[in-house]
Structures are given as C-alpha cells and as structure tokens.
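Student: Below is the structure I would like to discuss, written out as structure tokens.
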Amino acid sequence: MQSIPVDTTRLGVLRCAIAPEVKISNSETQEVMKDRDGNPVYTVAVTVRQDRRRISVIEIAVSGEPKNIEEGQILKVTGLTAFAWSMGDRHGISFRADAITPVVGSAAPAAAKGGGGS
C-alpha cells in the first residue's frame, strides 16, 4: 500500500466532528486494534472545508488516545498520510496521522443554555 503525505495547510479548517473512538479490529470479539508497538488505535472524524466548498468528513486513525479533543474544536493534524486500499470490489482512501491535537484557544461551541431570557 502506497502512502501519500497530505499537506494539511491546504485543507482549510479541520474541525472535530466525532470525538476520538477506539478502533475495533474484530467486531465479534470487540478486540481493539493496536499499532506495531502495542498502542491502541483511535479514530477521529474530522470535517474538512476547503475554499468555500462543501464540507467533507474524513476519519483519521492515530496511535494512542488523543487528549482533550471535543466535538466542534478546531484541530491540528500532524503527519497526515493517505493510503489507497482495495479489497475485492471495494476500494477507498484511509487516513493516518502521527498526532491530533486541539488548537489552543479553539474551545468547542458551548451547548445551548436553557432557561428564560432577560
């Protein structure tokens, strides 16, 4: 499988759509996928919007649990690589990163507060 480095500076704003979730390698046994070093692999769904185009959502795998990431936060993705894959009639692109971290000062949007007005 050929790896293709991705220039994240050309992807526009990267925002967390779904907080980190552990990746399951076997749905029957619920076995957690691990990297070569034995660390659990997590996925983060990230929205990408480039130059006022439609928003795309990509899932990015990363070794170890990304910390302090919440839905809605702007993210910094380091070492993003794309991999083309195919299995029989199915094919696609998967993404892997060295690290995914929240951008400092980009708190997730606050939940709507209930209650009356003034």
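Chain identifiers are assigned as A, B, and so on, following the order in which chains appear in the structure tokens; residues are numbered from 1 within each chain, and ligands are numbered from 1 in order of appearance.
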Within 7 Å of region 89-104 of chain A, counting only C-alpha atoms, which residues show up once you throw out same-chain ones fewer than 6 positions away? Write them as a ChimeraX atom specification, please.
Tutor: /A:59-62,66,68-69,73-83
Student: Please produce a file of the residues just selected, as a compact mmCIF listing (two decimals), in the first residue's frame, where the atoms kept are all heavy atoms.
Tutor:
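Wrote it out as part.txt, contents follow:
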# COMPACT_ATOMS: atom_id res chain seq x y z
N GLU A 59 -12.22 10.16 8.36
CA GLU A 59 -11.84 9.53 9.62
C GLU A 59 -10.33 9.36 9.61
O GLU A 59 -9.78 8.80 8.66
CB GLU A 59 -12.52 8.18 9.79
CG GLU A 59 -13.93 8.29 10.25
CD GLU A 59 -14.50 6.97 10.73
OE1 GLU A 59 -13.77 5.97 10.81
OE2 GLU A 59 -15.69 6.96 11.03
N ILE A 60 -9.69 9.84 10.66
CA ILE A 60 -8.24 9.77 10.76
C ILE A 60 -7.87 8.86 11.91
O ILE A 60 -8.32 9.05 13.04
CB ILE A 60 -7.63 11.17 10.98
CG1 ILE A 60 -8.05 12.12 9.85
CG2 ILE A 60 -6.11 11.07 11.08
CD1 ILE A 60 -7.64 13.56 10.07
N ALA A 61 -7.03 7.86 11.63
CA ALA A 61 -6.54 6.95 12.66
C ALA A 61 -5.27 7.53 13.26
O ALA A 61 -4.46 8.15 12.58
CB ALA A 61 -6.26 5.58 12.06
N VAL A 62 -5.10 7.31 14.57
CA VAL A 62 -3.90 7.79 15.27
C VAL A 62 -3.60 6.80 16.41
O VAL A 62 -4.52 6.26 17.02
CB VAL A 62 -4.11 9.23 15.80
CG1 VAL A 62 -5.24 9.30 16.81
CG2 VAL A 62 -2.84 9.82 16.34
N PRO A 66 -5.97 10.46 21.61
CA PRO A 66 -5.77 11.91 21.56
C PRO A 66 -6.44 12.55 22.77
O PRO A 66 -7.56 12.20 23.12
CB PRO A 66 -6.48 12.33 20.27
CG PRO A 66 -6.63 11.08 19.48
CD PRO A 66 -6.74 9.97 20.48
N ASN A 68 -7.91 15.69 25.25
CA ASN A 68 -8.58 17.00 25.30
C ASN A 68 -9.24 17.41 23.99
O ASN A 68 -9.29 18.59 23.67
CB ASN A 68 -7.60 18.09 25.76
CG ASN A 68 -6.99 17.76 27.11
OD1 ASN A 68 -7.68 17.32 28.02
ND2 ASN A 68 -5.68 17.93 27.22
N ILE A 69 -9.75 16.43 23.24
CA ILE A 69 -10.43 16.75 21.98
C ILE A 69 -11.92 16.56 22.18
O ILE A 69 -12.38 15.53 22.66
CB ILE A 69 -9.92 15.85 20.83
CG1 ILE A 69 -8.46 16.18 20.54
CG2 ILE A 69 -10.78 16.02 19.59
CD1 ILE A 69 -7.85 15.34 19.45
N GLN A 73 -14.26 21.34 18.15
CA GLN A 73 -12.96 22.01 18.27
C GLN A 73 -12.21 22.02 16.95
O GLN A 73 -12.28 21.08 16.17
CB GLN A 73 -12.07 21.31 19.29
CG GLN A 73 -12.37 21.65 20.71
CD GLN A 73 -11.39 20.96 21.64
OE1 GLN A 73 -11.14 19.78 21.51
NE2 GLN A 73 -10.87 21.69 22.59
N ILE A 74 -11.43 23.08 16.75
CA ILE A 74 -10.51 23.13 15.62
C ILE A 74 -9.28 22.31 16.01
O ILE A 74 -8.81 22.39 17.14
CB ILE A 74 -10.13 24.58 15.29
CG1 ILE A 74 -11.38 25.34 14.83
CG2 ILE A 74 -9.04 24.63 14.21
CD1 ILE A 74 -11.17 26.82 14.63
N LEU A 75 -8.81 21.51 15.06
CA LEU A 75 -7.73 20.58 15.34
C LEU A 75 -6.47 20.87 14.53
O LEU A 75 -6.55 21.41 13.42
CB LEU A 75 -8.17 19.15 15.02
CG LEU A 75 -9.42 18.64 15.74
CD1 LEU A 75 -9.79 17.28 15.21
CD2 LEU A 75 -9.18 18.61 17.24
N LYS A 76 -5.35 20.45 15.09
CA LYS A 76 -4.08 20.43 14.37
C LYS A 76 -3.77 18.96 14.12
O LYS A 76 -3.73 18.17 15.07
CB LYS A 76 -2.97 21.07 15.18
CG LYS A 76 -1.63 21.00 14.47
CD LYS A 76 -0.54 21.64 15.29
CE LYS A 76 0.78 21.50 14.55
NZ LYS A 76 1.89 21.99 15.36
N VAL A 77 -3.58 18.60 12.86
CA VAL A 77 -3.27 17.22 12.50
C VAL A 77 -1.84 17.19 11.98
O VAL A 77 -1.51 17.88 11.02
CB VAL A 77 -4.25 16.69 11.43
CG1 VAL A 77 -3.89 15.27 11.03
CG2 VAL A 77 -5.68 16.76 11.95
N THR A 78 -0.99 16.43 12.66
CA THR A 78 0.43 16.36 12.33
C THR A 78 0.74 15.04 11.63
O THR A 78 0.29 13.99 12.06
CB THR A 78 1.27 16.45 13.62
OG1 THR A 78 0.89 17.63 14.33
CG2 THR A 78 2.76 16.50 13.33
N GLY A 79 1.52 15.13 10.55
CA GLY A 79 1.96 13.93 9.86
C GLY A 79 0.83 13.15 9.20
O GLY A 79 0.82 11.92 9.25
N LEU A 80 -0.10 13.85 8.55
CA LEU A 80 -1.23 13.17 7.92
C LEU A 80 -0.78 12.46 6.64
O LEU A 80 -0.08 13.04 5.81
CB LEU A 80 -2.34 14.17 7.59
CG LEU A 80 -3.63 13.59 6.99
CD1 LEU A 80 -4.29 12.62 7.96
CD2 LEU A 80 -4.59 14.71 6.62
N THR A 81 -1.18 11.21 6.52
CA THR A 81 -0.84 10.39 5.36
C THR A 81 -2.10 9.71 4.86
O THR A 81 -2.92 9.25 5.66
CB THR A 81 0.20 9.32 5.75
OG1 THR A 81 1.31 9.95 6.37
CG2 THR A 81 0.69 8.56 4.54
N ALA A 82 -2.25 9.65 3.53
CA ALA A 82 -3.37 8.95 2.92
C ALA A 82 -2.88 7.63 2.33
O ALA A 82 -1.74 7.54 1.87
CB ALA A 82 -3.98 9.82 1.82
N PHE A 83 -3.73 6.62 2.39
CA PHE A 83 -3.42 5.30 1.84
C PHE A 83 -4.57 4.85 0.96
O PHE A 83 -5.71 4.84 1.40
CB PHE A 83 -3.26 4.26 2.97
CG PHE A 83 -2.15 4.56 3.92
CD1 PHE A 83 -2.39 5.32 5.06
CD2 PHE A 83 -0.88 4.07 3.69
CE1 PHE A 83 -1.37 5.60 5.96
CE2 PHE A 83 0.15 4.34 4.58
CZ PHE A 83 -0.09 5.10 5.71
Student: So which residues touch Gly12 (chain A) within 7 Å, counting only C-alpha atoms, skipping near sequence neighbours fewer than 2 positions away, as a list in words?
Tutor: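 Here the answer would be Thr9, Arg10, Leu14, Val48, Arg49 and Gln50 of chain A.
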Student: Pick the closest to Asp35 (chain A) from A:Ser3, A:Trp85, A:Gly72, A:Gly64: which is it, counting only C-alpha atoms?
Tutor: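 For Asp35 (chain A), the nearest of the candidates is A:Gly64.
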Student: Kindly indicate which residue among A:Val32, A:Ala45, A:Met87, A:Val22 lies nearest to Glu65 (chain A), using only C-alpha atoms for the distances.
Tutor: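 Answer, going by the shortest atom-to-atom distance: A:Val22.
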Student: Can you check which residues of chain A DSSP gives as strand (DSSP E or B) on the backbone and send them as a PyMOL selection string?
Tutor: chain A and resi 3-5+12-22+24-26+31-32+34+40-49+56-63+74-78+81-87+90-97+99-102
Student: Next, the residues of the selection above should be written as a CSV table (one decimal), in the first residue's frame with C-alpha atoms.
Tutor:
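Output saved as result-v6.csv:
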chain,number,residue,atom,x,y,z
A,3,SER,CA,1.4,6.2,1.4
A,4,ILE,CA,0.8,9.7,0.2
A,5,PRO,CA,1.8,12.6,2.5
A,12,GLY,CA,-8.6,24.7,5.4
A,13,VAL,CA,-10.1,24.4,8.8
A,14,LEU,CA,-10.0,21.0,10.4
A,15,ARG,CA,-12.7,20.5,13.0
A,16,CYS,CA,-13.6,17.6,15.2
A,17,ALA,CA,-17.0,16.0,14.1
A,18,ILE,CA,-16.8,13.0,16.3
A,19,ALA,CA,-14.6,12.8,19.4
A,20,PRO,CA,-11.9,10.0,19.5
A,21,GLU,CA,-13.2,6.5,19.5
A,22,VAL,CA,-11.1,3.3,19.9
A,24,ILE,CA,-12.2,-2.2,16.8
A,25,SER,CA,-10.3,-4.8,14.7
A,26,ASN,CA,-12.8,-7.6,15.3
A,31,GLU,CA,-10.9,-6.7,20.1
A,32,VAL,CA,-9.2,-3.2,20.0
A,34,LYS,CA,-3.2,-2.0,18.1
A,40,PRO,CA,-4.5,1.2,20.9
A,41,VAL,CA,-5.5,2.9,17.6
A,42,TYR,CA,-8.2,5.6,17.8
A,43,THR,CA,-10.2,7.3,15.0
A,44,VAL,CA,-11.3,10.9,15.0
A,45,ALA,CA,-13.9,12.1,12.5
A,46,VAL,CA,-12.7,15.4,11.1
A,47,THR,CA,-14.6,17.9,8.9
A,48,VAL,CA,-12.6,19.5,6.1
A,49,ARG,CA,-13.8,22.6,4.2
A,56,SER,CA,-16.2,16.6,3.7
A,57,VAL,CA,-15.8,14.3,6.7
A,58,ILE,CA,-12.7,12.0,6.9
A,59,GLU,CA,-11.8,9.5,9.6
A,60,ILE,CA,-8.2,9.8,10.8
A,61,ALA,CA,-6.5,7.0,12.7
A,62,VAL,CA,-3.9,7.8,15.3
A,63,SER,CA,-1.9,5.7,17.7
A,74,ILE,CA,-10.5,23.1,15.6
A,75,LEU,CA,-7.7,20.6,15.3
A,76,LYS,CA,-4.1,20.4,14.4
A,77,VAL,CA,-3.3,17.2,12.5
A,78,THR,CA,0.4,16.4,12.3
A,81,THR,CA,-0.8,10.4,5.4
A,82,ALA,CA,-3.4,9.0,2.9
A,83,PHE,CA,-3.4,5.3,1.8
A,84,ALA,CA,-5.3,3.9,-1.2
A,85,TRP,CA,-6.8,0.5,-0.5
A,86,SER,CA,-8.8,-2.2,-2.2
A,87,MET,CA,-10.5,-5.4,-1.1
A,90,ARG,CA,-14.4,-2.3,-2.6
A,91,HIS,CA,-11.8,0.5,-2.6
A,92,GLY,CA,-11.2,3.8,-0.9
A,93,ILE,CA,-8.7,6.1,0.9
A,94,SER,CA,-7.8,5.8,4.5
A,95,PHE,CA,-6.0,8.4,6.6
A,96,ARG,CA,-3.5,8.1,9.4
A,97,ALA,CA,-1.8,10.8,11.5
A,99,ALA,CA,-0.8,13.2,16.2
A,100,ILE,CA,-4.1,15.0,16.5
A,101,THR,CA,-4.3,17.9,19.0
A,102,PRO,CA,-6.7,20.7,19.7
Student: Would you work out the distance separating CA of Gln2 (chain A) from CA of Ser27 (chain A), expressed in Å to one decimal?
Tutor: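 A separation of 26.5 Å between them.
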